[in-house]
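Here the structure is laid out as structure tokens; the discussion comes afterwards.
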There are 2 protein chains.
Amino acid sequence: MAQIFDNISSKNRVKLMRILKAHTLNFKKDDTMTSYLISENNIGIILKGYAQIIRIDHNGNRTIIEDLEEEDIFGTLISSLKNSEYEIIAKEDTEIILIDYDRIINCKENNKSFYLEFTKNLLQIFTIKITEKNERLEIVTKKTIRNKLLEYFSIASSKHNSKYIYLPYTFTDLADYLAVDRSAMTRELKCLKDEGFIEIKGKRITLLYNDFW
Amino acid sequence: MAQIFDNISSKNRVKLMRILKAHTLNFKKDDTMTSYLISENNIGIILKGYAQIIRIDHNGNRTIIEDLEEEDIFGTLISSLKNSEYEIIAKEDTEIILIDYDRIINCKENNKSFYLEFTKNLLQIFTIKITEKNERLEIVTKKTIRNKLLEYFSIASSKHNSKYIYLPYTFTDLADYLAVDRSAMTRELKCLKDEGFIEIKGKRITLLYNDFW
DNA sequence: AATACATTGTTGCAATTGCAACATTTTACA
DNA sequence: TGTAAAATGTTGCAATTGCAACAATGTATT
């Protein structure tokens with residue numbers, strides 16, 4: 001998995017940050033990071049810690065839009081932060097780098113090879129992000145909860161080439177990821193279980209079918 | 001809008017294509033382009049023409065996944081082509097460039113500035129792609145057809161800063177984009193019209209509310 | 001201009017879902 | 001360890017939706 005400073009020495013990393021006028025910022029657990037991002041085309045890179053992008057909709061409901069772990073990149077340009085109220089909240093003590101995106105694109109230091117490496121690393125991280133978004137789209141565009149679950153299982157299973165799926169988060173969060181009501185999802189999971197298609201033990205789901213379709 | 005060969009002279013463009021061992025391919029209208037993409041980590045760039053990525057689901061239904069216009073980029077890495085049957089079909093005579101993605105990342109010509117430019121252009125195109133996917137996710141994760149439509153209107157309206165929305169495609173395709181049944185969407189549009197929120201004339205929709213929420 | 005094909009409009013009905021409300025279990029942390 | 005908060009399980013019911021079927025309109029092609 002590509003990381004943002006791969007193939008860049010720590011000396012060059014300092015240079016690069018200076019050229020791009022990058023800022024390092026520290027947040028305590030439960031701090032709101034949003035205000036540093038809304039006004040400009042900044043992108044943020046999580047160096048340490050863990051944060052979440054939360055949407056607050058018109059009814060006041062909070063939902064998790066993205067989990068930001070170490071090496072993750074976020075910002076108005078590359079997260080869905082445009083037409084909703086949202087907050088970015090540090091869930092642990094978190095250290096981030098802020099960079100003006102335009103500076104990355106318009107940087108004139110074309111002869112510095114670490115700048116090329118940085119661009120290539122960004123490119124790879126973006127590619128992964130696109131793939132993740134495609135997967136989620138593939139899932140949420142299915143028309144029934146059952147089909148969303150099966151698509152989710154299919155993708156998760158093929159990633160590890162295994163019939164066992166370990167949910168990376170709670171069922172509550174899974175419902176949010178699938179964009180369905182949690183209780184309705186539980187209901188459907190029970191059906192799939194009763195019909196003998198899956199087995200659930202805590203966060204481990206076993207697929208009991210070979211080829212569903 | 002960033003284009004793939006921005007800031008690269010045509011001489012350097014030829015050099016670049018040689019270094020990356022890129023192939024140019026031509027397709028006639030209705031040709032299938034899929035077979036050139038499935039096996040390897042190739043990315044395709046549409047130079048001329050227009051193509052579509054079509055998903056064929058387990059019932060045999062065809063749906064449009066992506067419209068590929070000039071300068072668009074596609075491929076297994078950056079399109080949702082993994083867990084479904086799909087086809088990429090030229091809808092007009094279409095010319096594409098095929099490049100092995102790994103070669104872009106592992107290319108050692110670090111001193112060539114046109115290579116950096118190319119990477120930066122790719123980065124910008126990817127950024128736009130991520131934004132588009134985010135927008136669609138923002139829409140399709142809404143729980144009712146009404147809210148999907150309103151979110152779509154909101155995004156379209158804020159893009160052109162106007163109360164008039166010109167649908168870039170048919171209502172049939174809009175339903176596919178929103179991932180809802182077409183007839184159910186028509187029903188909901190009629191409701192919004194009857195309630196005085198919108199006006200529809202052909203492909204032009206007028207928003208009659210200031211702030212819906 | 002005639003014909004075939006695609007798009008749009010409409011409706012009844014059954015299936016699915018969201019929502020609300022509540023009980024139970026698990027987890028976090030003071 | 002005890003307590004509060006979060007997560008999970010369950011259910012009835014009303015609202016929304018998908019589906020099927022068909023009519024009407026619009027568009028493209030020869």
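Chain labels run A, B, ... following the order of the structure tokens; each chain numbers its residues from 1, and ligands are numbered from 1 in the order shown.
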Residues within 10 Å of DA28 of chain D, please, as a short mmCIF file (atom, residue, chain, number, x, y, z; two decimals) with C-alpha atoms (C1' of nucleotides), in the first residue's frame. Count only C-alpha atoms (C1' of nucleotides); anything in the same chain fewer than 3 positions from it doesn't count.
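Output file around.cif is given in full below:
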data_model
loop_
_atom_site.label_atom_id
_atom_site.label_comp_id
_atom_site.auth_asym_id
_atom_site.auth_seq_id
_atom_site.Cartn_x
_atom_site.Cartn_y
_atom_site.Cartn_z
"C1'" DA C 4 -39.24 0.95 -36.02
"C1'" DC C 5 -37.30 2.09 -31.74
"C1'" DA C 6 -36.47 4.77 -27.70
#
So which residues of segment 93-190 of chain A fall under helix (DSSP H, G or I) by DSSP, listed as a ChimeraX atom specification? /A:101-106,113-140,145-160,171-178,182-190
Pull the closest atom pair for each residue of chain A that gets at most 12 Å from chain C, along with the distance in Å to one decimal, counting only C-alpha atoms (C1' of nucleotides), ordering rows by chain and then ascending residue number, as a tab-separated table.
residue	atom	partner	partner_atom	distance
A:Lys143	CA	C:DT16	C1'	9.7
A:Thr144	CA	C:DT16	C1'	7.5
A:Ile145	CA	C:DT16	C1'	8.6
A:Arg146	CA	C:DT16	C1'	10.1
A:Thr170	CA	C:DT26	C1'	11.8
A:Ala179	CA	C:DG18	C1'	11.5
A:Val180	CA	C:DG18	C1'	8.4
A:Asp181	CA	C:DG18	C1'	6.3
A:Arg182	CA	C:DG18	C1'	9.3
A:Ser183	CA	C:DG18	C1'	8.8
A:Ala184	CA	C:DT17	C1'	6.9
A:Met185	CA	C:DT17	C1'	9.5
A:Arg187	CA	C:DT17	C1'	10.6
A:Glu188	CA	C:DT16	C1'	10.4
A:Gly202	CA	C:DT26	C1'	10.9
Residues of chain D were defined as contacting chain A if any atom lay at most 9 Å from it, counting only C-alpha atoms (C1' of nucleotides); please report them as a VMD selection string. chain D and resid 7 to 10 18
Could you tell me how far atom C1' of DC22 of chain D sits from atom CA of Thr141 of chain A, in Å to one decimal place? 27.4 Å
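Residue nearest chain B within the list A:Lys133, A:Lys159, A:Lys11, A:Lys203: A:Lys133 [criterion: smallest interatomic distance, only C-alpha atoms].
With only C-alpha atoms (C1' of nucleotides) taken into account, the protein and nucleic acid residues at most 9 Å from Asp100 of chain A (excluding it and anything under 5 positions from it in its own chain) are Leu20, Lys21, Ala22, Glu40, Asn41, Asn42, Ile43 and Gly44 of chain A.
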How would the residues just picked look written out with N, CA and C atoms as a short mmCIF file (atom, residue, chain, number, x, y, z; two decimals), in the first residue's frame?
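That gives us result-v1.cif:
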data_model
loop_
_atom_site.label_atom_id
_atom_site.label_comp_id
_atom_site.auth_asym_id
_atom_site.auth_seq_id
_atom_site.Cartn_x
_atom_site.Cartn_y
_atom_site.Cartn_z
N LEU A 20 6.31 23.52 -0.30
CA LEU A 20 4.84 23.54 -0.43
C LEU A 20 4.18 24.38 0.67
N LYS A 21 4.99 24.96 1.52
CA LYS A 21 4.49 25.74 2.65
C LYS A 21 3.46 24.94 3.45
N ALA A 22 3.82 23.71 3.73
CA ALA A 22 2.92 22.83 4.48
C ALA A 22 2.97 23.17 5.97
N GLU A 40 -10.20 27.13 2.14
CA GLU A 40 -9.29 27.05 1.00
C GLU A 40 -9.20 25.64 0.43
N ASN A 41 -8.51 25.52 -0.66
CA ASN A 41 -8.28 24.22 -1.28
C ASN A 41 -7.18 23.44 -0.58
N ASN A 42 -7.28 23.37 0.71
CA ASN A 42 -6.27 22.60 1.43
C ASN A 42 -6.56 21.12 1.35
N ILE A 43 -5.50 20.34 1.32
CA ILE A 43 -5.69 18.93 1.60
C ILE A 43 -4.95 18.61 2.89
N GLY A 44 -5.50 17.67 3.61
CA GLY A 44 -4.90 17.26 4.86
C GLY A 44 -4.39 15.84 4.76
#
